[in-house]
Amino acid sequence: MKRASNSHIFGMAKTFRNMQRLKEILVVFVKNGLEELVIKTKLQGKVPEYGIEEKKDQDRLGWGIVGHRLRLSFQELGPAFIKFGQLISSREDLFPSAFVQEMKRLQDDVNPMPFLEAEKLINKALGKSWQEVFVHILPQAIATASIASVFKGELKSGEIVVLKVKKPGIEKIIDQDFDLMSFIIHRLERLNKEIRYLGLSHHLEDFYRTIKQECDLSVELRNLSKLKNNYQKRNSEDILYFPKAYPELSNSEFLVIEFLDGTPFNKLTPHDLKENDLEKKLHRCTVLFFQSLFHDGFFHADLHGGNFFLLNKTKKIGLVDFGLVGHLSPQGRQDLILILYYLISGNFHAVVHQFLDVAEYETLPDIKTLTRDLEESLGPFIGLKVSEIKVNEMLRMLMTTLSTHEIFLPREWSTIFRAIITLDGLGRSIGFDINTFEMLEKELDGLKSSFLNKENLMQDALGAGRQGLNVLRTLPHHVNWFLRELGKRNYAFDIRNNGQNQAIKGAARAVKLLGVLVITSCFFLCGTFVIPHDYQWNNGWPPPISIIFYLAGLVGLATAFFMDKKS
């Protein structure tokens, strides 16, 4: 018996583990009252011990109840599901408020990494004992997340720092759970039209790329350095403070940065807010965010209350957690500026055309219907003062309408909208209306003309000219390659003329009949040509080869006769 290869054995083991994990997920869903979700995936057969049956006329659960039960399930299922729930909680543009509020209650993994385990990882990352670098490290984690645990320590130089230590094996867990989440969501979308309109599979891909980036702590270090340099160019030191990084002590598994002595915004009291004039400071931070977005195309994308700190000594605003950032190309920034400008001015026809230039979709939607739907959903916001517009409500209506038409924004745009909504929600959560759209409008007034200046127009013209020359230079090669492929692969052109079907069918039958008669004639001629010239017909049968050709000819005549009768 042939022995199975190691890769085959490992593949079988992985499949078995995935099936076990899938069953575990379904059991948790059922236990927390989400039987309907399991039924919709048609996976109830994986947990036969629960005897789940579809109930007719079952009352539909409210979004708040579904959110509560899903939150309990995510907490029990671990890191990947918790992070996914946290991502959902930032998408007020996609999900109802009651559902989002439940997701916002999701906390990171409450079980911190034991210090003995963290100590081994720290020593491995440093390449030596941590006692050679640190005076001490507090054994109790000061913060814990799904991906890493955070400890506080003191360097030999006397500087107080935080040590972010990635949990071992977390990437394998995330990969496995992502595969299973993707499997479940794709089944739900295939079987349920309403769920498909939410575009969950599209956003799941976004979530996966985001969390995989967060798993590499060296990426967070680079993000911190780049953001700090960009903000320093805008003289933002009077408001924002970025922690000092220690790249010589950090790598993809381990990160060391300055400890910020302050209070996170989500733990400030009303007295703290008023005494420190935080409304003015937060207003300035929002302006800096939009400048970072539109001018640099690089921005902090996770500006919630836990990542803003009011520093105790300087009373500046400190920023932490640089794992989630957004990127936007120059062309992307120009497209975004135009869309936001058209939205604010109520030009829905232009909004639709601009969206279709950048969005992702499988089939082109009906332009008139989409324009009408956008106008109906966003029309109530037009005519309001900018300060009266709730950005999360407007963007939610926009995203819901686009999803209904199965149009999805590029990943970087989803990140931007999520960041804007999170920032707007931060202001409202501490009792301030930071008028996000008002600041946005001021930025757009200057930006919409900036890319129409002579220099930018010249760059666009040069770019278009360069592309045109490239097309002219490469076109002959591509035509040549296409013709070669055409010859190799026996491509055919399908020409249809629905109005002449009967005539074409008749002509086709005539051609077939003619072809059969031509072949039949050839058989008779061949049978005659192979007979020797001195053959005497009264001497008996002709040569066997001639008989074979004549018989083939007779078969051809019979075929032609029946073809003619059939027609």
# chains A, B, ... in the order shown; residues from 1 in each chain; ligands from 1
$ residues_around --residues "Val30 of chain A" --least-positions-apart "5" --cutoff "12 Å" --atoms "only C-alpha atoms" --output "ChimeraX atom specification"
/A:23-25,35-39,43-44,46-53,69-70,72-73
$ closest_atom_pairs --of "segment 222-243 of chain A" --to "segment 281-296 of chain A" --cutoff "9 Å" --atoms "only C-alpha atoms" --output "Markdown table"
| residue | atom | partner | partner_atom | distance |
| --- | --- | --- | --- | --- |
| A:Leu227 | CA | A:Ser292 | CA | 8.6 |
| A:Asn230 | CA | A:Ser292 | CA | 7.5 |
| A:Tyr231 | CA | A:Ser292 | CA | 7.6 |
| A:Arg234 | CA | A:Leu288 | CA | 8.1 |
| A:Ser236 | CA | A:Leu288 | CA | 7.9 |
| A:Ile239 | CA | A:Lys281 | CA | 6.5 |
| A:Leu240 | CA | A:Cys285 | CA | 7.4 |
$ closest_atom_pairs --of "segment 60-83 of chain A" --to "segment 200-218 of chain A" --cutoff "12 Å" --atoms "only C-alpha atoms" --output "tab-separated table"
residue	atom	partner	partner_atom	distance
A:Pro79	CA	A:Ile211	CA	10.4
A:Ala80	CA	A:Ile211	CA	8.5
A:Phe81	CA	A:Phe207	CA	10.7
A:Ile82	CA	A:Ile211	CA	11.3
A:Lys83	CA	A:Ile211	CA	7.8
$ atom_distance --atom1 "atom CA of Phe115 of chain A" --atom2 "atom CA of Leu310 of chain A"
28.7 Å
$ atom_distance --atom1 "atom CA of Cys526 of chain A" --atom2 "atom CA of Ser546 of chain A"
7.4 Å
$ residues_around --residues "Glu117 of chain A" --least-positions-apart "4" --cutoff "10 Å" --atoms "only C-alpha atoms" --output "number ranges by chain"
A: 113, 121-122, 167-168
$ write_last_selection --atoms "N, CA and C atoms" --output "compact mmCIF listing (two decimals), in the first residue's frame"
# COMPACT_ATOMS: atom_id res chain seq x y z
N MET A 113 -1.74 37.85 28.87
CA MET A 113 -0.69 36.85 28.75
C MET A 113 0.07 36.74 30.08
N LEU A 121 9.18 35.47 25.42
CA LEU A 121 9.07 36.15 24.12
C LEU A 121 9.90 37.43 24.08
N ILE A 122 9.93 38.17 25.20
CA ILE A 122 10.74 39.40 25.27
C ILE A 122 12.22 39.07 25.13
N LYS A 167 0.92 37.86 21.05
CA LYS A 167 0.61 36.53 21.56
C LYS A 167 1.10 35.45 20.59
N PRO A 168 1.73 34.41 21.09
CA PRO A 168 2.24 33.35 20.20
C PRO A 168 1.11 32.59 19.52
$ select_by_dssp --residues "segment 226-291 of chain A" --states "strand (DSSP E or B)" --output "PyMOL selection string"
chain A and resi 240-241+245+254-258+262-264
$ closest_residue --among "A:Val320, A:Leu87, A:Val358, A:Val165" --to "Lys124 of chain A" --atoms "only C-alpha atoms"
A:Val165
$ closest_residue --among "A:Thr314, A:Gln176, A:Thr401, A:Gln20" --to "Glu376 of chain A" --atoms "only C-alpha atoms"
A:Thr401
$ closest_residue --among "A:Arg91, A:His68, A:Lys228, A:Lys40" --to "Leu395 of chain A" --atoms "only C-alpha atoms"
A:Arg91
$ residues_around --residues "Lys152 of chain A" --least-positions-apart "2" --cutoff "10 Å" --atoms "only C-alpha atoms" --output "mmCIF file with N, CA and C atoms, in the first residue's frame"
data_model
loop_
_atom_site.group_PDB
_atom_site.id
_atom_site.type_symbol
_atom_site.label_atom_id
_atom_site.label_comp_id
_atom_site.auth_asym_id
_atom_site.auth_seq_id
_atom_site.Cartn_x
_atom_site.Cartn_y
_atom_site.Cartn_z
ATOM 1 N N HIS A 136 13.213 47.255 35.346
ATOM 2 C CA HIS A 136 12.157 46.345 35.772
ATOM 3 C C HIS A 136 11.021 46.376 34.756
ATOM 4 N N ILE A 137 10.218 45.331 34.766
ATOM 5 C CA ILE A 137 8.981 45.260 33.986
ATOM 6 C C ILE A 137 7.896 44.798 34.942
ATOM 7 N N LEU A 138 6.791 45.555 35.015
ATOM 8 C CA LEU A 138 5.695 45.155 35.896
ATOM 9 C C LEU A 138 5.093 43.847 35.387
ATOM 10 N N PRO A 139 4.963 42.855 36.233
ATOM 11 C CA PRO A 139 4.484 41.534 35.765
ATOM 12 C C PRO A 139 3.010 41.512 35.377
ATOM 13 N N GLN A 140 2.234 42.479 35.872
ATOM 14 C CA GLN A 140 0.814 42.537 35.539
ATOM 15 C C GLN A 140 0.606 43.416 34.316
ATOM 16 N N ALA A 141 -0.015 42.874 33.268
ATOM 17 C CA ALA A 141 -0.245 43.647 32.037
ATOM 18 C C ALA A 141 -1.133 44.851 32.340
ATOM 19 N N ILE A 142 -0.787 46.023 31.770
ATOM 20 C CA ILE A 142 -1.604 47.227 31.972
ATOM 21 C C ILE A 142 -2.722 47.311 30.942
ATOM 22 N N ALA A 143 -2.627 46.530 29.885
ATOM 23 C CA ALA A 143 -3.687 46.464 28.868
ATOM 24 C C ALA A 143 -3.544 45.135 28.160
ATOM 25 N N VAL A 150 0.090 44.291 26.810
ATOM 26 C CA VAL A 150 0.944 45.466 26.998
ATOM 27 C C VAL A 150 1.411 45.524 28.450
ATOM 28 N N GLU A 154 10.683 50.060 32.797
ATOM 29 C CA GLU A 154 11.624 51.183 32.863
ATOM 30 C C GLU A 154 12.954 50.760 32.263
ATOM 31 N N ILE A 160 10.411 55.681 31.069
ATOM 32 C CA ILE A 160 9.279 54.776 31.290
ATOM 33 C C ILE A 160 8.664 54.436 29.934
ATOM 34 N N VAL A 161 8.490 53.147 29.678
ATOM 35 C CA VAL A 161 8.032 52.693 28.357
ATOM 36 C C VAL A 161 6.924 51.654 28.525
ATOM 37 N N VAL A 162 6.271 51.375 27.414
ATOM 38 C CA VAL A 162 5.341 50.243 27.353
ATOM 39 C C VAL A 162 5.908 49.204 26.388
ATOM 40 N N LEU A 163 5.694 47.956 26.698
ATOM 41 C CA LEU A 163 6.170 46.841 25.885
ATOM 42 C C LEU A 163 4.953 46.102 25.354
ATOM 43 N N LYS A 164 4.816 46.079 24.071
ATOM 44 C CA LYS A 164 3.696 45.384 23.434
ATOM 45 C C LYS A 164 4.213 44.044 22.927
ATOM 46 N N VAL A 256 8.452 48.506 21.535
ATOM 47 C CA VAL A 256 8.732 49.334 22.704
ATOM 48 C C VAL A 256 8.534 50.792 22.327
ATOM 49 N N GLU A 258 7.310 54.925 24.142
ATOM 50 C CA GLU A 258 7.200 55.734 25.350
ATOM 51 C C GLU A 258 5.834 55.554 26.029
ATOM 52 N N PHE A 259 5.846 55.511 27.347
ATOM 53 C CA PHE A 259 4.608 55.457 28.115
ATOM 54 C C PHE A 259 4.033 56.863 28.231
#
$ residues_around --residues "Gln86 of chain A" --least-positions-apart "6" --cutoff "7 Å" --atoms "only C-alpha atoms" --output "list in words"
Met103, Lys104 and Leu106 of chain A
$ atom_distance --atom1 "atom CA of Gln354 of chain A" --atom2 "atom CA of Arg396 of chain A"
18.4 Å
$ closest_residue --among "A:Pro264, A:Pro112, A:Gly425, A:Gly306" --to "Lys166 of chain A" --atoms "only C-alpha atoms"
A:Pro112
$ residues_around --residues "Ser250 of chain A" --least-positions-apart "3" --cutoff "8 Å" --atoms "only C-alpha atoms" --output "PyMOL selection string"
chain A and resi 125-126+218+246-247+253-256
$ write_last_selection --atoms "N, CA and C atoms" --output "mmCIF file, in the first residue's frame"
data_model
loop_
_atom_site.group_PDB
_atom_site.id
_atom_site.type_symbol
_atom_site.label_atom_id
_atom_site.label_comp_id
_atom_site.auth_asym_id
_atom_site.auth_seq_id
_atom_site.Cartn_x
_atom_site.Cartn_y
_atom_site.Cartn_z
ATOM 1 N N ALA A 125 12.978 38.192 21.562
ATOM 2 C CA ALA A 125 12.970 39.356 20.680
ATOM 3 C C ALA A 125 14.224 40.209 20.869
ATOM 4 N N LEU A 126 14.668 40.356 22.117
ATOM 5 C CA LEU A 126 15.856 41.164 22.401
ATOM 6 C C LEU A 126 17.149 40.431 22.068
ATOM 7 N N SER A 218 6.122 45.625 13.564
ATOM 8 C CA SER A 218 7.066 46.525 12.883
ATOM 9 C C SER A 218 6.332 47.490 11.961
ATOM 10 N N TYR A 246 11.265 53.166 20.013
ATOM 11 C CA TYR A 246 12.592 52.570 20.226
ATOM 12 C C TYR A 246 12.783 51.453 19.204
ATOM 13 N N PRO A 247 13.090 51.830 17.950
ATOM 14 C CA PRO A 247 13.195 50.806 16.892
ATOM 15 C C PRO A 247 14.307 49.800 17.135
ATOM 16 N N GLU A 253 7.479 41.074 16.389
ATOM 17 C CA GLU A 253 6.807 40.390 17.491
ATOM 18 C C GLU A 253 6.747 41.230 18.763
ATOM 19 N N PHE A 254 7.497 42.327 18.799
ATOM 20 C CA PHE A 254 7.728 43.029 20.058
ATOM 21 C C PHE A 254 7.926 44.516 19.760
ATOM 22 N N LEU A 255 7.231 45.371 20.513
ATOM 23 C CA LEU A 255 7.279 46.817 20.252
ATOM 24 C C LEU A 255 7.515 47.563 21.562
ATOM 25 N N VAL A 256 8.452 48.506 21.535
ATOM 26 C CA VAL A 256 8.732 49.334 22.704
ATOM 27 C C VAL A 256 8.534 50.792 22.327
#
$ closest_residue --among "A:Thr404, A:Asn223, A:Thr269, A:Asn229" --to "Asp321 of chain A" --atoms "only C-alpha atoms"
A:Asn223
$ closest_residue --among "A:Met181, A:Phe265, A:Phe29, A:Phe322" --to "Ala301 of chain A" --atoms "only C-alpha atoms"
A:Phe322
$ closest_atom_pairs --of "segment 290-396 of chain A" --to "segment 241-244 of chain A" --cutoff "8 Å" --atoms "only C-alpha atoms" --output "JSON lines"
{"residue": "A:Lys316", "atom": "CA", "partner": "A:Tyr241", "partner_atom": "CA", "distance": 6.6}
{"residue": "A:Ile317", "atom": "CA", "partner": "A:Tyr241", "partner_atom": "CA", "distance": 6.0}
{"residue": "A:Gly318", "atom": "CA", "partner": "A:Tyr241", "partner_atom": "CA", "distance": 4.6}
{"residue": "A:Leu319", "atom": "CA", "partner": "A:Phe242", "partner_atom": "CA", "distance": 5.7}
{"residue": "A:Val320", "atom": "CA", "partner": "A:Phe242", "partner_atom": "CA", "distance": 7.4}
